[in-house]
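K.L.:
Sharing a structure below in structure tokens format, with a few things to ask.
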Amino acid sequence: MSALIKLSGSKEDTSIRYYASKYYLVFILIVFLVVILLANFIRNEAKNGALIEEESYFYARISNNFTQLYGDGIDNMNYGGRNVSYGIGFPLVISTISKFTRFSITFLIKYLSIILGLLILLALFLIMKKLHLEWRIIGLTLFFMAISPTFIYFSNFTSPVLFAILLSLLSYYLFISDSRKISMFSSIPLALTMFFDFYIAIFSLLFLILITYIKRKNKIKILMLDIAITLFVFMMYYILFYNKIGLIDYFALKYYINSNLGNFSILFSDTGGIFGIGFFTIVLGFFGLGDLWKERYKNIPYYLALLFFLFTFFIYKYNIFYLNFFLAFIAAIGLLRLIKTRWESEIVRKSLIVVLLIGVIFSTVFYTAKFSEYGPGFRQDFGAKFIADRSTSFDIVLTDPKYSYILNYYGIKTFIDGNYLYVDSLKQKFNDYDEILNTPDFDRLIELIKNDEITYIVITLDMAEKLGFGKNKNIIYHLRNTNKFKRVFANNYLEIWKYEKI
């Protein structure tokens, strides 16, 4: 293993480590709070208090209506209704916290993530200390992590993923404990992860298997216990689940998997990804890999971990959290290598270090500014409230599936939303949705609207861009050039049209 990763045994280093370790965690937590609160404040000002993600409205709605939804087993906020197939962990925890603290669900969605972010940083700190990493690496890793775009994104709204990450880290911390009795409890948070995020639970288990067989063979019995309990919980939960509501339709499952795949467009935050890895962190990461390569075969676990996190990111986009952490760790090694290595030109070396550090910090500043404009704003909220004040329980709204989450939050039924699981006749719904938006045949458009009982059509800015703003003969053209539709609301972000049935 690289000398940079090992703990020094000298008295001087031990003394430095003792005093430094008392303060660097506090410093990192303060940095994190400043960055997150600043990002949260700027976005709240820009978006007038709107939730950060469209899906946040979905989480808020199912948490607000937890007892009714999970008691009835049916969600009627979409045309035709669907079985409740949402993970039970998140709405149960959020609704329970809301009940005991008297904080609103919306408040918890907005701000509980900050506390969870702090707990995640603390968990990462404890894990790295348990692994006996050098204190400078721990401090720099946490610093790079705290100001990274990925962590800023995750810590700005409460989601099931955040709970799942925290549970998976707790499981790993217990797993690597020196005490066998404590290690045996690692299966509990790992099994609980299943109720928040299936993907993270499975990949966490796979990571434990990988680490055990290449680094911690003394933990094989504990691993077998983790596998047995996790799979038992998985089987019991999903056997009961599928016995109640049936198997997932292949067409819906395909869309669900595709919507969760990671890709290069979201891997790098500096190229437009709403979360991702900063360019300068990656540059430092190359220096870190260079340092690890000095002792090639001794550091195989690090290479395999990097490949594992990169591979799983492309299967599940939210696994970028773990990839981001590991690259922060590699970047910390890289920065220490630059600091300790002697170059022929000290001016060049010091200038490079300064440029890279400024680059990392500037990337955070740039991302925070970009982040303030991300997601829905109060104008989308206002449009939803406009319909809610005028619609009935029989009205169906057709719009962008993502915007449907906001409409559903305000009690408005939509034709289809971004959650495709257990939607009856999903393939037909997609075909109808696509044909309504794109058909040049006006009579066919009216036929579809009547068959699907649609009352309102909401054209968002994203939809308008994809439809060419009505330059072609599509839904926007028909809305503006016939007397069958009346525009009842408009702002810079959306237009609301009502179908005139008479």
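Simple scheme: letters A, B, ... for chains in structure tokens order, numbers from 1 for residues in each chain, numbers from 1 for ligands in the order shown.
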Which residues are near Val355 of chain A? Cut-off 12 Å, only C-alpha atoms, ignore same chain within fewer than 5 positions. Put them as an mmCIF file with N, CA and C atoms, in the first residue's frame.

P.N.:
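Here's the written file result35.cif:
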```
data_model
loop_
_atom_site.group_PDB
_atom_site.id
_atom_site.type_symbol
_atom_site.label_atom_id
_atom_site.label_comp_id
_atom_site.auth_asym_id
_atom_site.auth_seq_id
_atom_site.Cartn_x
_atom_site.Cartn_y
_atom_site.Cartn_z
ATOM 1 N N PHE A 280 -11.392 19.163 -11.883
ATOM 2 C CA PHE A 280 -10.141 19.282 -11.133
ATOM 3 C C PHE A 280 -9.977 18.149 -10.122
ATOM 4 N N THR A 281 -11.083 17.626 -9.634
ATOM 5 C CA THR A 281 -11.003 16.447 -8.764
ATOM 6 C C THR A 281 -10.484 15.255 -9.545
ATOM 7 N N VAL A 283 -8.519 15.418 -12.191
ATOM 8 C CA VAL A 283 -7.084 15.647 -12.440
ATOM 9 C C VAL A 283 -6.256 15.221 -11.230
ATOM 10 N N LEU A 284 -6.691 15.643 -10.032
ATOM 11 C CA LEU A 284 -5.992 15.216 -8.817
ATOM 12 C C LEU A 284 -6.057 13.699 -8.653
ATOM 13 N N LEU A 335 -3.211 15.018 -4.176
ATOM 14 C CA LEU A 335 -2.757 16.322 -3.686
ATOM 15 C C LEU A 335 -1.561 16.164 -2.751
ATOM 16 N N ILE A 347 8.512 26.405 -8.438
ATOM 17 C CA ILE A 347 7.485 27.386 -8.822
ATOM 18 C C ILE A 347 6.373 26.699 -9.600
ATOM 19 N N VAL A 348 6.756 25.806 -10.535
ATOM 20 C CA VAL A 348 5.762 25.077 -11.335
ATOM 21 C C VAL A 348 4.920 24.175 -10.442
ATOM 22 N N ARG A 349 5.575 23.475 -9.504
ATOM 23 C CA ARG A 349 4.861 22.554 -8.620
ATOM 24 C C ARG A 349 3.845 23.300 -7.751
ATOM 25 N N LYS A 350 4.297 24.378 -7.109
ATOM 26 C CA LYS A 350 3.411 25.140 -6.238
ATOM 27 C C LYS A 350 2.285 25.811 -7.026
ATOM 28 N N VAL A 360 -10.841 23.351 -7.881
ATOM 29 C CA VAL A 360 -11.823 22.565 -7.119
ATOM 30 C C VAL A 360 -12.837 23.489 -6.444
ATOM 31 N N ILE A 361 -12.325 24.571 -5.823
ATOM 32 C CA ILE A 361 -13.208 25.505 -5.119
ATOM 33 C C ILE A 361 -14.081 26.277 -6.104
ATOM 34 N N PHE A 362 -13.480 26.719 -7.224
ATOM 35 C CA PHE A 362 -14.247 27.443 -8.239
ATOM 36 C C PHE A 362 -15.348 26.558 -8.818
ATOM 37 N N SER A 363 -15.036 25.269 -8.995
ATOM 38 C CA SER A 363 -16.044 24.330 -9.501
ATOM 39 C C SER A 363 -17.253 24.289 -8.579
#
```

K.L.:
I need the residues of segment 82-308 of chain A that end up classed as strand (DSSP E or B) by DSSP on the backbone, written out as a list in words.

P.N.:
Arg82, Asn83, Phe268 and Ile277 of chain A

K.L.:
Got time to write the residues from that selection, all heavy atoms, as a CSV table (one decimal), in the first residue's frame?

P.N.:
```
chain,number,residue,atom,x,y,z
A,82,ARG,N,-53.4,3.1,-10.1
A,82,ARG,CA,-52.4,2.0,-10.1
A,82,ARG,C,-52.1,1.5,-8.7
A,82,ARG,O,-52.4,2.2,-7.7
A,82,ARG,CB,-51.1,2.5,-10.7
A,82,ARG,CG,-50.4,3.6,-9.9
A,82,ARG,CD,-48.9,3.6,-10.3
A,82,ARG,NE,-48.3,4.8,-9.7
A,82,ARG,CZ,-47.9,5.9,-10.4
A,82,ARG,NH1,-48.2,5.9,-11.7
A,82,ARG,NH2,-47.4,6.9,-9.9
A,83,ASN,N,-51.6,0.3,-8.6
A,83,ASN,CA,-51.3,-0.3,-7.3
A,83,ASN,C,-50.1,0.5,-6.7
A,83,ASN,O,-49.2,1.0,-7.4
A,83,ASN,CB,-50.9,-1.7,-7.4
A,83,ASN,CG,-52.1,-2.6,-7.8
A,83,ASN,OD1,-53.1,-2.5,-7.2
A,83,ASN,ND2,-51.9,-3.5,-8.7
A,268,PHE,N,-20.0,14.2,-15.3
A,268,PHE,CA,-19.1,15.3,-15.1
A,268,PHE,C,-20.0,16.6,-14.8
A,268,PHE,O,-20.7,17.0,-15.7
A,268,PHE,CB,-18.2,15.5,-16.3
A,268,PHE,CG,-17.4,14.3,-16.7
A,268,PHE,CD1,-17.8,13.6,-17.8
A,268,PHE,CD2,-16.4,13.8,-15.9
A,268,PHE,CE1,-17.1,12.4,-18.2
A,268,PHE,CE2,-15.7,12.7,-16.2
A,268,PHE,CZ,-16.0,12.0,-17.4
A,277,ILE,N,-18.9,14.6,-11.1
A,277,ILE,CA,-17.5,14.7,-10.6
A,277,ILE,C,-16.9,16.0,-11.2
A,277,ILE,O,-17.0,16.2,-12.4
A,277,ILE,CB,-16.6,13.5,-10.9
A,277,ILE,CG1,-17.4,12.2,-10.6
A,277,ILE,CG2,-15.3,13.6,-10.2
A,277,ILE,CD1,-17.8,12.0,-9.2
```

K.L.:
Here is a test: counting only C-alpha atoms, which residue of A:Phe157, A:Tyr493, A:Tyr318, A:Phe196 is nearest to Asp381 of chain A?

P.N.:
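Of all the options, A:Tyr493 lies closest to Asp381 of chain A.
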
K.L.:
Near Val233 of chain A, within 9 Å and counting only C-alpha atoms, which residues show up once chain neighbours fewer than 3 positions away are dropped, as a PyMOL selection string?

P.N.:
chain A and resi 191-192+194+228-230+236-238

K.L.:
Which distance in Å separates atom CA of Lys221 of chain A and atom CA of Ile320 of chain A, to one decimal?

P.N.:
29.5 Å

K.L.:
Quick one: DSSP helix (DSSP H, G or I) residues in segment 38-102 of chain A, as a PyMOL selection string?

P.N.:
chain A and resi 38-47+54-64+66-72+89-101

K.L.:
Quick one: residues within 12 Å of Leu225 of chain A, only C-alpha atoms, excluding same-chain residues fewer than 5 positions away - as a list of chain:residue names?

P.N.:
A:Phe175, A:Arg180, A:Ser183, A:Met184, A:Phe185, A:Ser186, A:Ser187, A:Ile188, A:Leu190, A:Ala191, A:Leu205, A:Leu208, A:Ile209, A:Lys219, A:Ile220, A:Thr230, A:Leu231, A:Phe232

K.L.:
Return the single residue from A:Met224, A:Ile266, A:Leu126, A:Ile446 that is closest to Lys484 of chain A, with distances computed using only C-alpha atoms.

P.N.:
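The answer is A:Ile446, which sits nearest to Lys484 of chain A.
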
K.L.:
Of the residues A:Glu373, A:Tyr173, A:Ser168, A:Ile333, which is the one nearest to Leu133 of chain A, using only C-alpha atoms?

P.N.:
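Of A:Glu373, A:Tyr173, A:Ser168, A:Ile333, the one nearest Leu133 of chain A is A:Ile333, counting only C-alpha atoms.
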
K.L.:
Using only C-alpha atoms, which of the listed residues (A:Tyr456, A:Tyr213, A:Tyr477, A:Phe313) sits closest to Thr392 of chain A?

P.N.:
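With only C-alpha atoms as the atom set, the closest residue is A:Tyr456.
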
K.L.:
Figure out the distance between atom CA of Thr193 of chain A and atom CA of Ala164 of chain A, please, to one decimal in Å.

P.N.:
5.0 Å
